[in-house]
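**Student:** I am attaching a structure below and will ask some questions about it afterwards.
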Amino acid sequence: MYRGKTLGNEVKGRSQIVSTDTFETVEWALPALMDIFEPKQHPEFEPQGMEDIEAAKKTTQLTRFQFWRLNDGETVLRRAIKDALLYRPGGIIKYCWEKEVEKEPKSYEGLSGEELAFLAGDRTYRSMGD
């Protein structure tokens, strides 16, 4: 319906008109909804006490930078809002922090069974003599 295409259940001999009302409504509402999340105002962390003022200010600045600049927050938000208008459930944004650990390949030669098990992380390995 959003794309204004036929649904495939049209009856021959009846009207074949396709409405673009869904498209027009979603595209009309999107800018107004985007204005709610102005980058200079959201997100904002509020301090709980006098000792939290500086931390709240820095956290607000960092979060705004990460969301709006590093992660192209406008595009993410626009897609989420559009999904919320088109689909049920929609408009879900999942954010997580992934710490990348670079692993360096290593090779070993001439290891005993115990040493190999230890390197593989098997702490319950027992040699054949036990």
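Numbering starts fresh at 1 for the residues of each chain in the structure tokens, the chains themselves are lettered A, B, ... in the order given, and ligands are numbered from 1 as they appear.
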Within 12 Å of Glu38 (chain A), counting only C-alpha atoms, which residues qualify if same-chain residues fewer than 6 places away don't, as a PyMOL selection string?

**Tutor:** chain A and resi 31-32+44+64+68+73-74+77-78

**Student:** Go ahead and write the residues just picked, C-alpha atoms, as a PDB file, in the first residue's frame.

**Tutor:**
ATOM      1  CA  PRO A  31       9.538  15.518   9.092  1.00  0.00           C
ATOM      2  CA  ALA A  32       7.310  16.612  11.980  1.00  0.00           C
ATOM      3  CA  GLU A  44      20.168  15.083  27.680  1.00  0.00           C
ATOM      4  CA  ARG A  64      25.185  13.242  21.331  1.00  0.00           C
ATOM      5  CA  TRP A  68      24.423  11.983  15.854  1.00  0.00           C
ATOM      6  CA  GLY A  73      21.822   9.280  14.150  1.00  0.00           C
ATOM      7  CA  GLU A  74      19.601  11.161  11.726  1.00  0.00           C
ATOM      8  CA  LEU A  77      16.179   7.754  13.649  1.00  0.00           C
ATOM      9  CA  ARG A  78      14.500   8.421  10.303  1.00  0.00           C
TER      10      ARG A  78
END

**Student:** Which residues are near Phe67 (chain A)? Cut-off 12 Å, only C-alpha atoms, ignore same chain within fewer than 4 positions. Put them as a list of chain:residue names.

**Tutor:** A:Phe37, A:Pro39, A:Lys40, A:His42, A:Pro43, A:Thr59, A:Thr60, A:Gln61, A:Leu62, A:Thr63, A:Asn71, A:Asp72, A:Gly73, A:Glu74, A:Thr75, A:Val76, A:Leu77, A:Ile93, A:Tyr95, A:Cys96

**Student:** Could you write out, as a ChimeraX atom specification, all the residues of region 51-110 of chain A that DSSP marks as helix (DSSP H, G or I)?

**Tutor:** /A:51-70,73-86

**Student:** Select, from A:Gln41, A:Ala55, A:Glu27, A:Gln66, the residue with the minimum atom-to-atom distance to Trp97 (chain A), counting only C-alpha atoms.

**Tutor:**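 Closest to Trp97 (chain A) of all the choices is A:Gln66.
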
**Student:** Show which residues sit within 8 Å of Ala80 (chain A), as a PDB file with C-alpha atoms, in the first residue's frame. Count only C-alpha atoms, and ignore same-chain residues fewer than 5 positions away.

**Tutor:**
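Generated file (part-v1.pdb):
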ATOM      1  CA  GLY A  90       8.324  -1.335  14.237  1.00  0.00           C
ATOM      2  CA  GLY A  91      10.659   1.490  15.020  1.00  0.00           C
ATOM      3  CA  ILE A  92      12.956  -0.483  17.290  1.00  0.00           C
ATOM      4  CA  ILE A  93      16.524   0.718  17.681  1.00  0.00           C
TER       5      ILE A  93
END

**Student:** Using CA of Lys5 (chain A) and CA of Phe23 (chain A) as the two end points, give the distance in Å to one decimal.

**Tutor:**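 A separation of 11.0 Å between them.
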